[in-house]
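Listing of upload-v8.cif; format and content: mmCIF, C-alpha atoms.
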data_my_file
loop_
_atom_site.label_atom_id
_atom_site.label_comp_id
_atom_site.auth_asym_id
_atom_site.auth_seq_id
_atom_site.Cartn_x
_atom_site.Cartn_y
_atom_site.Cartn_z
CA LEU J 1 -3.92 -1.93 4.46
CA ALA J 2 -7.05 -2.68 2.46
CA LEU J 3 -5.18 -1.94 -0.76
CA ALA J 4 -2.09 -3.77 0.35
CA ALA J 5 -3.48 -7.21 -0.50
CA CYS J 6 -6.08 -8.15 -3.06
CA GLY J 7 -7.27 -11.75 -2.98
CA GLN J 8 -7.13 -14.24 -5.82
CA SER J 9 -10.28 -14.55 -7.86
CA ASP J 10 -11.73 -17.82 -9.12
CA ARG J 11 -13.07 -16.14 -12.27
CA ALA J 12 -11.40 -17.36 -15.44
CA ASP J 13 -12.89 -14.66 -17.68
CA LEU J 14 -11.21 -11.61 -16.16
CA THR J 15 -10.51 -8.93 -18.72
CA PRO J 16 -7.04 -7.34 -18.81
CA ALA J 17 -6.59 -4.60 -16.25
CA THR J 18 -6.00 -0.97 -17.18
CA PRO J 19 -4.81 0.60 -13.91
CA ALA J 20 -4.45 4.35 -13.59
CA LEU J 21 -1.29 5.90 -15.05
CA TRP J 22 -0.22 9.56 -15.21
CA GLU J 23 2.46 11.52 -17.04
CA VAL J 24 4.19 14.38 -15.22
CA ARG J 25 5.93 17.17 -17.14
CA GLY J 26 7.81 20.25 -16.01
CA ALA J 27 8.48 23.63 -17.59
CA ASN J 28 12.04 22.64 -18.49
CA GLY J 29 11.23 19.34 -20.17
CA GLU J 30 11.26 17.20 -17.03
CA THR J 31 9.27 14.00 -17.56
CA GLY J 32 8.14 11.17 -15.34
CA TRP J 33 5.21 8.83 -14.71
CA LEU J 34 3.03 7.86 -11.76
CA PHE J 35 1.45 4.42 -11.49
CA GLY J 36 -0.96 3.23 -8.79
CA THR J 37 -0.33 -0.33 -7.66
CA VAL J 38 -1.70 -3.07 -5.48
CA HIS J 39 0.86 -5.20 -3.73
CA ARG J 40 -1.00 -8.42 -4.52
CA LEU J 41 -3.47 -9.17 -7.30
CA PRO J 42 -5.38 -12.04 -8.94
CA GLU J 43 -2.98 -14.22 -10.90
CA GLU J 44 -5.28 -14.49 -13.93
CA ARG J 45 -5.49 -10.78 -14.66
CA GLU J 46 -2.94 -9.19 -16.99
CA TRP J 47 -2.06 -5.61 -16.06
CA ARG J 48 1.07 -4.96 -18.16
CA THR J 49 -0.61 -2.91 -20.88
CA PRO J 50 1.29 -1.89 -24.05
CA ARG J 51 1.28 1.71 -22.85
CA LEU J 52 2.75 0.78 -19.48
CA ARG J 53 5.47 -1.32 -21.12
CA ALA J 54 6.34 1.51 -23.51
CA LEU J 55 6.61 4.13 -20.79
CA LEU J 56 8.58 1.88 -18.47
CA SER J 57 11.03 1.31 -21.33
CA ARG J 58 11.52 5.10 -21.58
CA ALA J 59 12.14 5.54 -17.86
CA ASP J 60 15.69 5.53 -16.52
CA LEU J 61 14.70 5.00 -12.89
CA LEU J 62 12.08 2.88 -11.14
CA VAL J 63 10.87 4.35 -7.84
CA LEU J 64 8.99 2.05 -5.46
CA GLU J 65 7.79 2.41 -1.89
CA THR J 66 10.57 0.05 -0.85
CA ARG J 67 13.36 -1.84 -2.63
CA ASP J 68 12.81 -4.88 -0.40
CA VAL J 69 10.13 -6.31 -2.70
CA GLY J 70 10.01 -10.06 -2.26
CA ASP J 71 12.83 -10.10 0.34
CA GLN J 72 10.85 -11.85 3.04
CA ALA J 73 13.90 -12.39 5.24
CA ARG J 74 14.63 -8.65 5.26
CA LEU J 75 11.00 -7.76 5.92
CA ARG J 76 10.79 -10.28 8.74
CA ALA J 77 13.99 -9.06 10.36
CA VAL J 78 12.89 -5.42 10.36
CA PHE J 79 9.41 -6.34 11.59
CA GLU J 80 10.73 -8.43 14.47
CA ARG J 81 13.22 -5.76 15.51
CA LEU J 82 10.55 -3.08 15.72
CA ALA J 83 7.64 -5.20 16.92
CA LYS J 84 9.02 -6.59 20.18
CA THR J 85 8.80 -4.74 23.50
CA PRO J 86 8.57 -6.66 26.79
CA GLY J 87 5.79 -6.01 29.27
CA GLN J 88 2.84 -5.74 26.87
CA LEU J 89 -0.65 -6.45 28.15
CA PRO J 90 -2.39 -9.53 26.73
CA LEU J 91 -3.76 -8.52 23.34
CA THR J 92 -7.36 -9.09 24.38
CA GLN J 93 -6.84 -6.50 27.13
CA ARG J 94 -5.78 -3.87 24.58
CA ILE J 95 -9.19 -3.58 22.96
CA ALA J 96 -12.61 -2.48 24.20
CA PRO J 97 -14.50 -5.22 26.08
CA GLU J 98 -17.27 -5.36 23.50
CA LYS J 99 -14.73 -6.21 20.75
CA ARG J 100 -12.87 -8.95 22.62
CA ALA J 101 -15.01 -11.82 21.42
CA ALA J 102 -14.49 -10.76 17.79
CA LEU J 103 -10.74 -10.43 18.38
CA ALA J 104 -10.61 -13.90 19.93
CA SER J 105 -12.50 -15.30 16.94
CA LEU J 106 -10.09 -13.65 14.50
CA MET J 107 -7.07 -14.98 16.39
CA LYS J 108 -8.57 -18.47 16.44
CA ARG J 109 -9.14 -18.42 12.66
CA ALA J 110 -5.52 -17.36 12.23
CA GLY J 111 -4.31 -20.15 14.54
CA LEU J 112 -3.05 -17.62 17.09
CA SER J 113 -3.73 -16.79 20.72
CA ASP J 114 -2.84 -14.18 23.34
CA SER J 115 0.39 -16.03 24.09
CA ASP J 116 1.60 -15.54 20.50
CA PHE J 117 1.46 -11.77 21.02
CA SER J 118 3.33 -11.71 24.31
CA GLY J 119 5.81 -8.85 24.05
CA ILE J 120 4.45 -7.83 20.63
CA GLU J 121 3.43 -4.20 20.20
CA THR J 122 -0.18 -3.48 19.31
CA TRP J 123 0.52 -2.16 15.79
CA ALA J 124 2.44 -5.32 14.92
CA ALA J 125 -0.35 -7.54 16.23
CA ALA J 126 -2.83 -5.53 14.15
CA LEU J 127 -0.80 -5.97 10.95
CA THR J 128 -0.34 -9.68 11.61
CA LEU J 129 -4.09 -10.17 12.05
CA ALA J 130 -4.91 -7.98 9.04
CA ARG J 131 -2.70 -10.15 6.87
CA ALA J 132 -4.25 -13.31 8.26
CA ALA J 133 -7.75 -11.99 7.48
CA ARG J 134 -6.87 -11.33 3.83
CA GLU J 135 -4.32 -13.99 2.97
CA GLN J 136 -6.17 -16.39 0.68
CA GLY J 137 -4.16 -17.45 -2.36
CA PHE J 138 -2.55 -14.13 -3.28
CA GLY J 139 -0.91 -13.82 -6.65
CA GLU J 140 2.10 -11.87 -7.86
CA GLY J 141 2.74 -8.38 -6.58
CA VAL J 142 2.74 -5.52 -9.09
CA ASP J 143 5.93 -4.09 -7.61
CA ALA J 144 7.82 -7.31 -8.28
CA GLY J 145 6.29 -7.47 -11.74
CA LEU J 146 7.63 -4.01 -12.61
CA ILE J 147 11.14 -5.00 -11.54
CA ALA J 148 10.88 -8.12 -13.70
CA LEU J 149 9.89 -6.02 -16.73
CA ARG J 150 12.99 -3.84 -16.45
CA LYS J 151 15.59 -5.96 -14.69
CA SER J 152 18.46 -3.63 -15.52
CA ILE J 153 16.86 -0.36 -14.45
CA PRO J 154 18.07 1.26 -11.19
CA VAL J 155 15.55 1.09 -8.35
CA GLU J 156 15.16 3.74 -5.67
CA GLU J 157 12.66 3.88 -2.85
CA LEU J 158 10.26 6.45 -1.49
CA GLU J 159 10.52 5.10 2.05
CA GLY J 160 12.09 1.72 2.62
CA THR J 161 10.95 -1.07 4.91
CA ALA J 162 12.38 0.36 8.14
CA VAL J 163 10.74 3.73 7.62
CA GLN J 164 7.49 2.16 6.48
CA LEU J 165 7.15 -0.07 9.53
CA GLY J 166 8.57 2.67 11.70
CA LEU J 167 5.50 4.75 10.93
CA PHE J 168 3.37 2.18 12.69
CA ASP J 169 5.91 1.74 15.47
CA SER J 170 5.86 5.48 16.21
CA LEU J 171 2.08 5.69 16.56
CA PRO J 172 0.88 6.54 20.08
CA GLU J 173 -0.48 3.49 21.87
CA GLN J 174 -4.08 4.71 21.60
CA ASP J 175 -3.72 5.05 17.83
CA GLN J 176 -2.26 1.55 17.70
CA ARG J 177 -5.27 0.28 19.59
CA ASP J 178 -7.57 2.14 17.20
CA LEU J 179 -5.75 0.34 14.38
CA LEU J 180 -6.29 -3.03 16.07
CA ALA J 181 -9.98 -2.24 16.59
CA ALA J 182 -10.37 -1.30 12.92
CA VAL J 183 -8.74 -4.57 11.81
CA VAL J 184 -11.14 -6.52 14.01
CA ASP J 185 -14.15 -4.56 12.75
CA GLU J 186 -13.18 -5.13 9.11
CA ALA J 187 -12.09 -8.76 9.42
CA GLU J 188 -15.39 -10.36 8.38
CA GLU J 189 -15.52 -8.48 5.08
CA ALA J 190 -11.75 -8.21 4.53
CA PHE J 191 -11.40 -10.73 1.73
CA ALA J 192 -14.52 -9.58 -0.14
CA ARG J 193 -13.43 -5.96 0.23
CA SER J 194 -9.97 -6.79 -1.08
CA ARG J 195 -11.50 -8.31 -4.20
CA GLU J 196 -13.69 -5.24 -4.68
CA LEU J 197 -10.67 -2.98 -4.36
CA ALA J 198 -8.79 -5.14 -6.87
CA ASP J 199 -11.62 -4.54 -9.33
CA PHE J 200 -11.53 -0.77 -8.73
CA TRP J 201 -7.78 -0.81 -9.36
CA ALA J 202 -8.08 -2.95 -12.48
CA LYS J 203 -10.65 -0.56 -13.97
CA GLY J 204 -8.63 2.52 -13.04
CA ASP J 205 -11.59 3.69 -10.93
CA MET J 206 -9.77 6.27 -8.83
CA GLU J 207 -12.97 7.89 -7.57
CA SER J 208 -13.99 4.65 -5.85
CA ILE J 209 -10.48 4.18 -4.47
CA ALA J 210 -10.54 7.76 -3.13
CA ARG J 211 -13.77 6.99 -1.29
CA GLU J 212 -12.18 3.88 0.21
CA THR J 213 -9.37 5.99 1.68
CA ARG J 214 -11.92 7.59 3.99
CA ARG J 215 -13.35 4.32 5.30
CA GLY J 216 -12.34 2.02 8.12
CA MET J 217 -9.08 2.84 9.84
CA LEU J 218 -8.41 5.72 7.46
CA ALA J 219 -11.55 7.45 8.72
CA ASP J 220 -9.60 8.09 11.93
CA PRO J 221 -7.95 11.54 11.45
CA GLU J 222 -4.71 10.63 13.26
CA LEU J 223 -4.28 7.35 11.38
CA ARG J 224 -5.16 9.01 8.07
CA GLU J 225 -2.52 11.69 8.57
CA ALA J 226 0.17 9.26 9.73
CA LEU J 227 -0.43 6.44 7.24
CA LEU J 228 -1.58 8.26 4.12
CA VAL J 229 -1.68 12.04 3.84
CA GLY J 230 1.60 12.87 5.58
CA ARG J 231 3.42 10.24 3.57
CA ASN J 232 2.00 11.63 0.33
CA ARG J 233 3.44 15.07 1.07
CA THR J 234 6.86 13.59 1.81
CA TRP J 235 6.76 11.47 -1.33
CA ALA J 236 5.76 14.46 -3.47
CA ASP J 237 8.93 16.22 -2.27
CA LYS J 238 11.02 13.22 -3.30
CA VAL J 239 9.37 12.86 -6.70
CA GLU J 240 9.94 16.55 -7.40
CA ALA J 241 13.60 16.24 -6.47
CA VAL J 242 14.08 13.31 -8.86
CA LEU J 243 12.30 15.12 -11.70
CA ARG J 244 14.43 18.24 -11.22
CA SER J 245 17.58 16.11 -11.28
CA GLY J 246 16.93 15.32 -14.96
CA ARG J 247 16.02 11.68 -14.42
CA ARG J 248 12.90 10.13 -15.98
CA PRO J 249 11.33 8.25 -13.07
CA PHE J 250 8.57 5.68 -13.23
CA VAL J 251 7.04 6.04 -9.77
CA ALA J 252 4.92 3.13 -8.58
CA ALA J 253 3.13 3.31 -5.23
CA GLY J 254 -0.07 1.99 -3.71
CA ALA J 255 -3.14 3.23 -5.57
CA ALA J 256 -4.51 4.84 -2.41
CA HIS J 257 -1.56 7.24 -2.53
CA MET J 258 -2.61 8.37 -6.01
CA ALA J 259 -6.27 8.99 -5.17
CA GLY J 260 -8.16 12.19 -4.55
CA GLU J 261 -7.13 15.74 -3.76
CA GLU J 262 -4.44 14.53 -1.35
CA GLY J 263 -2.92 11.99 -3.74
CA LEU J 264 0.41 12.37 -5.50
CA PRO J 265 -1.00 13.50 -8.90
CA ALA J 266 -3.06 16.26 -7.27
CA LEU J 267 -0.22 17.36 -4.99
CA LEU J 268 2.23 17.65 -7.90
CA ALA J 269 -0.33 19.49 -10.02
CA ALA J 270 -0.87 21.96 -7.19
CA ARG J 271 2.89 22.62 -7.17
CA GLY J 272 2.87 23.62 -10.82
CA TRP J 273 3.65 20.37 -12.62
CA GLN J 274 1.59 19.36 -15.65
CA VAL J 275 -0.03 16.07 -14.62
CA THR J 276 -2.08 14.20 -17.23
CA ARG J 277 -4.00 10.96 -16.79
CA ILE J 278 -2.96 8.78 -19.74
CA GLN J 279 -4.52 5.44 -18.76
#
Using structure tokens, write down the structure that the file contains.
Amino acid sequence: LALAACGQSDRADLTPATPALWEVRGANGETGWLFGTVHRLPEEREWRTPRLRALLSRADLLVLETRDVGDQARLRAVFERLAKTPGQLPLTQRIAPEKRAALASLMKRAGLSDSDFSGIETWAAALTLARAAREQGFGEGVDAGLIALRKSIPVEELEGTAVQLGLFDSLPEQDQRDLLAAVVDEAEEAFARSRELADFWAKGDMESIARETRRGMLADPELREALLVGRNRTWADKVEAVLRSGRRPFVAAGAAHMAGEEGLPALLAARGWQVTRIQ
């Protein structure tokens, strides 16, 4: 979630970004690329480096987390279908008493109240409040920018919107409440942290991003497995299948999924692929 939205900067002197990029090769000539993204970024910063443009032009398939990039109607429809279950407790009753004042403050800043979350599952309330805490003048998403660069290239998805939101929907209620508590705890520093993460991404600083994947809600072992590590293993299977099919995929997913020993580059390298950081 922290990497899902990076706030707009007011700095006019931002240098062009050089986000992390890897080449993947197989023993039989298979070739593909991995690119860590953020789903929102400062408008002023250019990230489409010459190397990225050249490699994207060589790819014959763009692979994103979901094809529904920019389709707000689709996203909203899936969210509303999964998020609503009658009989939910008031949201302030789904968090520890000592955190209720902070939750009420966050809801007030977002222009929301307990009544707005009537019948809304805890995970959905948490995502709504997380977005409200970070949403301050976001710029273009990298995913949409990649599609714009190669408008004619086929696009496949690692997950899709329904699966992606379904991961949250399938969390046990206690894990959903842990998610809500983490959002409340991080709300005060959410925007500043998003800007810091945007800088890490722009510099290609994967060590710092890897450290961030062990903070906040991702420090919880169950949430970490469900939202990050388990997904990485599933995605590695899919990337391998595409590579073995003879396609040349350009795989773009959130930078957190590329970081550390449990990220996609490391997982593919451990399976025998030659993975080289090229940016």
Q | For region 23-39 of chain J: contacts at 7 Å, all atoms listed in the file, fewer than 5 positions along chain excluded, given as a PyMOL selection string | A | chain J and resi 3-5+141-143+243-244+246+248-255+258+273-278
Q. Of the candidates J:Phe117, J:Trp235, J:Trp123, J:Trp201, which one gets nearest to Gly160 (chain J) if we count only C-alpha atoms?
A.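 Counting only C-alpha atoms, the residue closest to Gly160 (chain J) is J:Trp235.
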Using the chain letters and numbers from the file, which residues does the PyMOL selection byres ((chain J and resi 151-158) around 6) grab, as a compact mmCIF listing (two decimals) with C-alpha atoms, in the coordinates of the input?
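Final output, saved to expr03.txt:
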# COMPACT_ATOMS: atom_id res chain seq x y z
CA LEU J 61 14.70 5.00 -12.89
CA LEU J 62 12.08 2.88 -11.14
CA VAL J 63 10.87 4.35 -7.84
CA LEU J 64 8.99 2.05 -5.46
CA GLU J 65 7.79 2.41 -1.89
CA THR J 66 10.57 0.05 -0.85
CA ARG J 67 13.36 -1.84 -2.63
CA ILE J 147 11.14 -5.00 -11.54
CA ALA J 148 10.88 -8.12 -13.70
CA ARG J 150 12.99 -3.84 -16.45
CA GLU J 159 10.52 5.10 2.05
CA GLY J 160 12.09 1.72 2.62
Q) Closest to Leu197 (chain J) among J:Val69, J:Ile209, J:Leu56, J:Leu267, using all atoms listed in the file? A) J:Ile209
Q) Taking into account only C-alpha atoms, which residue in the set J:Ala259, J:Leu179, J:Val239, J:Val163 is nearest to Arg271 (chain J)? A)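 Answer, going by the shortest atom-to-atom distance: J:Val239.
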